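Source file: input-v3.cif (mmCIF, C-alpha atoms and all ligand atoms)
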data_structure
loop_
_atom_site.label_atom_id
_atom_site.label_comp_id
_atom_site.auth_asym_id
_atom_site.auth_seq_id
_atom_site.Cartn_x
_atom_site.Cartn_y
_atom_site.Cartn_z
CA MET L 80 0.00 0.00 0.00
CA LYS L 81 1.28 3.46 -0.82
CA ILE L 82 0.15 6.94 0.10
CA ILE L 83 0.22 9.57 -2.61
CA CYS L 84 -0.12 13.15 -1.41
CA VAL L 85 -1.02 16.26 -3.31
CA GLY L 86 0.50 19.59 -2.28
CA ARG L 87 -0.88 23.05 -3.04
CA ASN L 88 -4.38 22.08 -4.09
CA TYR L 89 -6.26 24.95 -2.43
CA THR L 90 -5.51 28.58 -3.34
CA ASP L 91 -6.01 29.89 0.20
CA HIS L 92 -3.34 27.51 1.58
CA ILE L 93 -0.90 28.44 -1.23
CA LYS L 94 -1.24 32.10 -0.18
CA GLU L 95 -0.78 31.18 3.47
CA LEU L 96 2.60 29.53 2.84
CA GLU L 97 3.55 32.14 0.21
CA ASN L 98 4.04 29.41 -2.36
CA GLU L 99 3.62 29.87 -6.09
CA LYS L 100 0.52 28.45 -7.72
CA PRO L 101 1.71 25.31 -9.51
CA VAL L 102 1.19 24.57 -13.19
CA ASP L 103 0.75 20.85 -12.40
CA PRO L 104 -0.27 19.19 -9.14
CA VAL L 105 2.61 18.78 -6.66
CA LEU L 106 2.96 15.11 -5.70
CA PHE L 107 4.90 13.33 -2.98
CA LEU L 108 4.68 9.94 -1.25
CA LYS L 109 4.52 8.80 2.33
CA PRO L 110 5.72 5.29 3.22
CA ASP L 111 3.31 2.77 4.79
CA THR L 112 5.25 3.12 8.08
CA SER L 113 4.00 6.73 8.35
CA VAL L 114 0.45 5.54 9.11
CA LEU L 115 -0.51 6.37 12.68
CA LEU L 116 -1.97 3.25 14.24
CA LYS L 117 -5.64 3.43 15.20
CA LYS L 118 -6.33 4.92 18.63
CA GLN L 119 -2.66 5.78 19.14
CA PRO L 120 -1.58 9.29 20.10
CA PHE L 121 0.68 11.29 17.81
CA PHE L 122 4.10 11.88 19.37
CA ILE L 123 5.82 15.10 18.27
CA PRO L 124 9.17 13.89 16.89
CA GLU L 125 12.34 15.16 18.55
CA PHE L 126 13.67 16.59 15.27
CA SER L 127 10.95 19.23 14.95
CA ASN L 128 9.66 22.19 16.95
CA ASP L 129 6.97 23.06 14.45
CA VAL L 130 4.75 20.14 13.39
CA HIS L 131 1.69 21.38 11.50
CA HIS L 132 -1.66 19.66 11.03
CA GLU L 133 -2.96 19.53 7.45
CA VAL L 134 -6.48 18.11 7.27
CA GLU L 135 -7.21 16.47 3.92
CA ILE L 136 -9.91 14.54 2.11
CA LEU L 137 -8.74 10.97 1.42
CA ILE L 138 -9.60 8.63 -1.43
CA ARG L 139 -9.11 4.88 -1.16
CA ILE L 140 -8.38 3.15 -4.47
CA ASN L 141 -10.34 -0.06 -5.04
CA ARG L 142 -8.98 -1.34 -8.36
CA ILE L 143 -5.70 -1.38 -10.16
CA GLY L 144 -5.16 1.24 -12.84
CA LYS L 145 -2.64 3.14 -14.89
CA HIS L 146 -3.21 6.07 -17.28
CA ILE L 147 -6.75 6.46 -15.99
CA ASP L 148 -8.81 8.98 -17.92
CA LYS L 149 -10.64 11.41 -15.64
CA ARG L 150 -13.97 10.37 -17.18
CA PHE L 151 -13.43 6.86 -15.75
CA ALA L 152 -11.64 7.86 -12.54
CA HIS L 153 -14.85 7.55 -10.47
CA LYS L 154 -14.75 3.77 -11.05
CA TYR L 155 -11.50 3.51 -9.10
CA TYR L 156 -12.81 4.47 -5.66
CA GLU L 157 -15.90 3.74 -3.60
CA GLU L 158 -14.89 5.45 -0.36
CA VAL L 159 -14.04 8.94 0.79
CA GLY L 160 -12.30 9.63 4.08
CA LEU L 161 -10.49 12.26 6.08
CA GLY L 162 -6.99 12.38 7.52
CA ILE L 163 -4.06 14.51 8.58
CA ASP L 164 -0.83 15.03 6.68
CA PHE L 165 1.43 15.94 9.62
CA THR L 166 4.29 18.10 8.43
CA ALA L 167 7.48 19.07 10.24
CA ARG L 168 7.34 22.59 8.79
CA ASP L 169 10.72 23.72 10.14
CA LEU L 170 12.46 20.72 8.60
CA GLN L 171 10.47 21.06 5.36
CA SER L 172 11.48 24.73 4.99
CA GLU L 173 15.12 23.83 5.56
CA LEU L 174 14.98 21.05 2.94
CA LYS L 175 13.09 23.24 0.44
CA GLU L 176 15.66 25.99 0.81
CA LYS L 177 18.41 23.53 -0.07
CA GLY L 178 16.38 22.15 -2.97
CA LEU L 179 16.22 18.73 -1.30
CA PRO L 180 13.26 16.32 -1.21
CA TRP L 181 10.74 16.75 1.65
CA GLU L 182 10.38 13.10 2.64
CA LYS L 183 11.85 13.42 6.13
CA ALA L 184 9.42 16.26 6.92
CA LYS L 185 6.34 14.42 5.65
CA GLY L 186 7.03 10.70 5.78
CA PHE L 187 8.21 10.10 9.32
CA ASP L 188 6.51 7.52 11.57
CA GLY L 189 2.99 8.59 12.54
CA ALA L 190 2.82 11.43 10.00
CA ALA L 191 -0.28 10.04 8.26
CA VAL L 192 -3.56 9.97 10.15
CA ILE L 193 -6.13 7.91 8.27
CA GLY L 194 -9.63 8.27 9.67
CA LYS L 195 -12.77 6.30 8.91
CA PHE L 196 -14.08 6.14 5.37
CA LEU L 197 -17.60 6.81 4.12
CA PRO L 198 -19.20 5.24 1.06
CA LYS L 199 -19.04 7.53 -1.96
CA LYS L 200 -22.70 6.83 -2.61
CA ASP L 201 -23.55 8.78 0.57
CA PHE L 202 -22.68 11.96 -1.31
CA ASP L 203 -24.75 13.58 -4.05
CA ASN L 204 -21.70 15.34 -5.43
CA ILE L 205 -18.12 14.39 -4.68
CA ASN L 206 -17.08 17.95 -5.57
CA ASP L 207 -19.26 19.47 -2.86
CA ILE L 208 -18.19 17.89 0.42
CA ASN L 209 -17.78 20.01 3.56
CA PHE L 210 -15.01 19.05 5.95
CA ARG L 211 -13.29 20.58 8.95
CA LEU L 212 -10.69 20.07 11.64
CA GLU L 213 -11.20 21.08 15.25
CA LYS L 214 -8.33 21.64 17.64
CA ASN L 215 -9.46 21.39 21.25
CA ASN L 216 -13.07 21.87 20.06
CA GLU L 217 -12.33 25.00 18.03
CA VAL L 218 -12.52 24.96 14.24
CA VAL L 219 -9.04 25.58 12.78
CA GLN L 220 -9.50 24.39 9.18
CA ARG L 221 -12.73 24.31 7.21
CA SER L 222 -13.32 23.91 3.50
CA ASN L 223 -15.23 22.19 0.72
CA THR L 224 -13.94 19.94 -2.07
CA ALA L 225 -15.38 22.50 -4.53
CA PHE L 226 -12.35 24.69 -3.74
CA MET L 227 -9.78 22.14 -4.94
CA LEU L 228 -7.65 23.42 -7.84
CA TRP L 229 -7.58 19.86 -9.22
CA LYS L 230 -10.72 17.87 -8.51
CA ILE L 231 -10.55 14.28 -7.26
CA ASP L 232 -11.03 12.67 -10.70
CA GLU L 233 -8.45 14.99 -12.27
CA LEU L 234 -5.97 14.05 -9.54
CA ILE L 235 -6.49 10.35 -10.26
CA GLU L 236 -5.85 10.97 -13.96
CA TYR L 237 -2.69 12.93 -13.21
CA ILE L 238 -1.29 10.62 -10.51
CA SER L 239 -1.87 7.47 -12.58
CA LYS L 240 0.32 8.83 -15.39
CA TYR L 241 3.27 8.37 -13.04
CA PHE L 242 2.26 5.74 -10.49
CA THR L 243 0.17 2.63 -11.06
CA LEU L 244 -2.66 2.79 -8.56
CA LYS L 245 -3.31 -0.40 -6.63
CA ILE L 246 -6.10 -1.63 -4.37
CA GLY L 247 -5.73 -0.05 -0.94
CA ASP L 248 -3.61 2.90 -2.04
CA ILE L 249 -4.68 6.15 -0.44
CA ILE L 250 -4.62 9.62 -1.95
CA PHE L 251 -4.27 12.66 0.32
CA THR L 252 -5.86 15.40 -1.78
CA GLY L 253 -4.24 18.51 -0.25
CA THR L 254 -5.04 20.87 2.59
CA PRO L 255 -6.96 24.14 2.75
CA ALA L 256 -5.82 27.17 4.81
CA GLY L 257 -5.58 27.18 8.58
CA VAL L 258 -2.56 24.94 9.17
CA SER L 259 -0.80 25.57 12.48
CA SER L 260 1.55 24.05 15.03
CA VAL L 261 0.41 21.30 17.35
CA LYS L 262 1.31 21.19 21.04
CA MET L 263 1.38 18.47 23.66
CA ASN L 264 -2.11 17.63 24.92
CA ASP L 265 -3.92 19.10 21.92
CA THR L 266 -6.77 17.02 20.54
CA LEU L 267 -7.45 17.10 16.80
CA THR L 268 -10.84 15.95 15.59
CA GLY L 269 -11.85 15.68 11.95
CA TYR L 270 -15.33 15.82 10.43
CA ILE L 271 -16.88 15.33 7.02
CA GLU L 272 -20.21 17.16 7.12
CA ASN L 273 -21.26 16.30 10.68
CA LYS L 274 -19.66 12.87 10.98
CA GLU L 275 -16.59 12.54 13.18
CA LEU L 276 -13.97 10.48 11.30
CA PHE L 277 -10.99 10.68 13.64
CA SER L 278 -9.78 12.10 16.91
CA VAL L 279 -6.06 12.23 17.71
CA LYS L 280 -4.34 13.21 20.92
CA ILE L 281 -0.94 14.96 20.65
CA LYS L 282 1.83 13.81 23.00
ZN ZN L 301 -0.67 18.01 2.75
#
What would you get if you wrote out this structure as structure tokens?
Ligand code: ZN
Amino acid sequence: MKIICVGRNYTDHIKELENEKPVDPVLFLKPDTSVLLKKQPFFIPEFSNDVHHEVEILIRINRIGKHIDKRFAHKYYEEVGLGIDFTARDLQSELKEKGLPWEKAKGFDGAAVIGKFLPKKDFDNINDINFRLEKNNEVVQRSNTAFMLWKIDELIEYISKYFTLKIGDIIFTGTPAGVSSVKMNDTLTGYIENKELFSVKIK
């Protein structure tokens, strides 16, 4: 199983980090060892003083595919979920400055929270899903899939040009604005519409 992540997919988050708007989607991978085990707390790693939460809509792939046309992309997933792409922002900035890959800042152990999934058929329109992240019961990130620069089916088309998608692979579709540092004893809770899909304690 692999995790494919999309960077810079919401304009408001691009502005927030003062990044340039990309011509193509920005892609990176997280290893399977980055998945935070269910019901486990997230431990802030010793190599970072600035771990950010990035709440993201997740797509779980349910059939193998390569060079998938966006018109057929909807056949490759039946479930939509929510997760967190934890990012050691200080380390990422350092690596970016040197022109080095970000993997250490994004792919460390526990850096991928994968919440519960909901059947796609529960939604009238996959491009109109509200989601949010609460930190200690206060909303810190809130958006709708309508604001994605590249919609889910377009992402599947783009990603599958480079990486064969396999059953069980998960796509992290990018984060909206509102990312911020996590501290010990914070609780992060994620919702799609009004369904709670995960709750993670920070240690
Ligand atoms: Zn992200």
Check: Within 9 Å of ligand ZN 301 (chain L), counting only C-alpha atoms and all ligand atoms: which residues, as a list in words?
Finding: Cys84, Val85, Gly86, Arg87, Asn88, His132, Glu133, Val134, Glu135, Ile163, Asp164, Phe165, Thr166, Lys185, Phe251, Thr252, Gly253, Thr254 and Pro255 of chain L
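Proximity to Glu217 of chain L was assessed for L:Leu174, L:Ile143, L:Ala152, L:Leu267 counting all atoms listed in the file; the smallest distance is recorded for L:Leu267.
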Check: For the atom pair atom CA of Met80 of chain L and atom CA of Lys118 of chain L, what is the interatomic distance in Å to one decimal place?
Finding: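 A separation of 20.3 Å between them.
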Check: In Å, how far is it from atom CA of His146 of chain L to atom CA of Glu233 of chain L?
Finding: 11.5 Å
Item checked: Distance criterion (all atoms listed in the file): nearest to Phe122 of chain L out of L:Asp201, L:Phe187, L:Leu276, L:Leu244 ->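 Counting all atoms listed in the file, the residue closest to Phe122 of chain L is L:Phe187.
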Note to self: Ranking L:Ile93, L:Gly269, L:Asn215, L:Ile83 by minimum distance to Leu234 of chain L and counting all atoms listed in the file, which one comes first?
What the structure shows: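 Nearest candidate to Leu234 of chain L out of L:Ile93, L:Gly269, L:Asn215, L:Ile83: L:Ile83.
Atom CA of Asn141 of chain L lies 4.6 Å from atom CA of Ile246 of chain L.
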Check: Using all atoms listed in the file, which of L:Thr243, L:Lys195, L:Tyr270, L:Met263 sits nearest Val219 of chain L?
Finding: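 Smallest separation from Val219 of chain L among the options: L:Tyr270.
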As JSON, please: the centre and edge lengths in Å, to one decimal, of an axis-aligned box enclosing every listed atom of segment 101-113 of chain L with 4 Å added on each side.
{"center_x": 2.7, "center_y": 14.0, "center_z": -2.4, "size_x": 14.0, "size_y": 30.5, "size_z": 29.5}
Checklist line | Nearest-residue call for Ile281 of chain L, choices L:His92, L:His131, L:Lys262, L:Lys149, using all atoms listed in the file | finding: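 Smallest distance to Ile281 of chain L is found for L:Lys262.
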Next item on the list: Rank L:Gly160, L:Gly189, L:Pro120, L:Gly257 by their smallest atom-to-atom distance to Glu272 of chain L, using all atoms listed in the file, and report the top residue only.
Entry: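 Result for the nearest residue to Glu272 of chain L: L:Gly160.
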Next item on the list: For Ile82 of chain L, please output as number ranges by chain all residues within 12 Å (counting only C-alpha atoms; exclusion window: fewer than 4 positions along the same chain).
Entry: L: 106-114, 137-140, 162, 164, 185-186, 190-193, 238, 242-252
Within 9 Å of segment 198-200 of chain L, counting all atoms listed in the file, which residues show up once you throw out same-chain ones fewer than 2 positions away? Write them as a short mmCIF file (atom, residue, chain, number, x, y, z; two decimals) with C-alpha atoms, in the frame of the given file, please.
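The result, written out as selection_27.cif:
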data_model
loop_
_atom_site.label_atom_id
_atom_site.label_comp_id
_atom_site.auth_asym_id
_atom_site.auth_seq_id
_atom_site.Cartn_x
_atom_site.Cartn_y
_atom_site.Cartn_z
CA TYR L 156 -12.81 4.47 -5.66
CA GLU L 157 -15.90 3.74 -3.60
CA GLU L 158 -14.89 5.45 -0.36
CA VAL L 159 -14.04 8.94 0.79
CA GLY L 160 -12.30 9.63 4.08
CA PHE L 196 -14.08 6.14 5.37
CA PHE L 202 -22.68 11.96 -1.31
CA ASP L 203 -24.75 13.58 -4.05
CA ASN L 204 -21.70 15.34 -5.43
CA ILE L 205 -18.12 14.39 -4.68
#
Reconstruct segment 101-112 of chain L at the level of N, CA, C and O atoms, and format the result as a CSV table (one decimal), in the frame of the given file.
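The new file result-v1.csv reads:
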chain,number,residue,atom,x,y,z
L,101,PRO,N,1.0,26.2,-8.6
L,101,PRO,CA,1.7,25.3,-9.5
L,101,PRO,C,1.0,25.2,-10.8
L,101,PRO,O,-0.2,25.4,-10.9
L,102,VAL,N,1.8,24.8,-11.9
L,102,VAL,CA,1.2,24.6,-13.2
L,102,VAL,C,0.6,23.2,-13.2
L,102,VAL,O,-0.5,22.9,-13.8
L,103,ASP,N,1.2,22.2,-12.5
L,103,ASP,CA,0.8,20.8,-12.4
L,103,ASP,C,0.6,20.6,-10.9
L,103,ASP,O,1.2,21.2,-10.1
L,104,PRO,N,-0.2,19.5,-10.6
L,104,PRO,CA,-0.3,19.2,-9.1
L,104,PRO,C,1.1,18.8,-8.6
L,104,PRO,O,1.9,18.2,-9.3
L,105,VAL,N,1.4,19.2,-7.3
L,105,VAL,CA,2.6,18.8,-6.7
L,105,VAL,C,2.3,17.4,-6.0
L,105,VAL,O,1.4,17.3,-5.2
L,106,LEU,N,3.2,16.4,-6.3
L,106,LEU,CA,3.0,15.1,-5.7
L,106,LEU,C,4.1,14.7,-4.8
L,106,LEU,O,5.3,15.0,-5.1
L,107,PHE,N,3.8,14.0,-3.8
L,107,PHE,CA,4.9,13.3,-3.0
L,107,PHE,C,4.3,12.1,-2.3
L,107,PHE,O,3.1,11.9,-2.3
L,108,LEU,N,5.2,11.2,-1.8
L,108,LEU,CA,4.7,9.9,-1.2
L,108,LEU,C,5.0,9.9,0.2
L,108,LEU,O,6.0,10.5,0.7
L,109,LYS,N,4.2,9.1,1.0
L,109,LYS,CA,4.5,8.8,2.3
L,109,LYS,C,4.6,7.3,2.4
L,109,LYS,O,3.8,6.6,1.7
L,110,PRO,N,5.6,6.8,3.1
L,110,PRO,CA,5.7,5.3,3.2
L,110,PRO,C,4.6,4.7,4.1
L,110,PRO,O,4.0,5.4,4.9
L,111,ASP,N,4.4,3.4,4.0
L,111,ASP,CA,3.3,2.8,4.8
L,111,ASP,C,3.6,2.9,6.3
L,111,ASP,O,2.7,2.9,7.1
L,112,THR,N,4.9,3.0,6.7
L,112,THR,CA,5.2,3.1,8.1
L,112,THR,C,4.9,4.5,8.7
L,112,THR,O,5.0,4.7,9.9
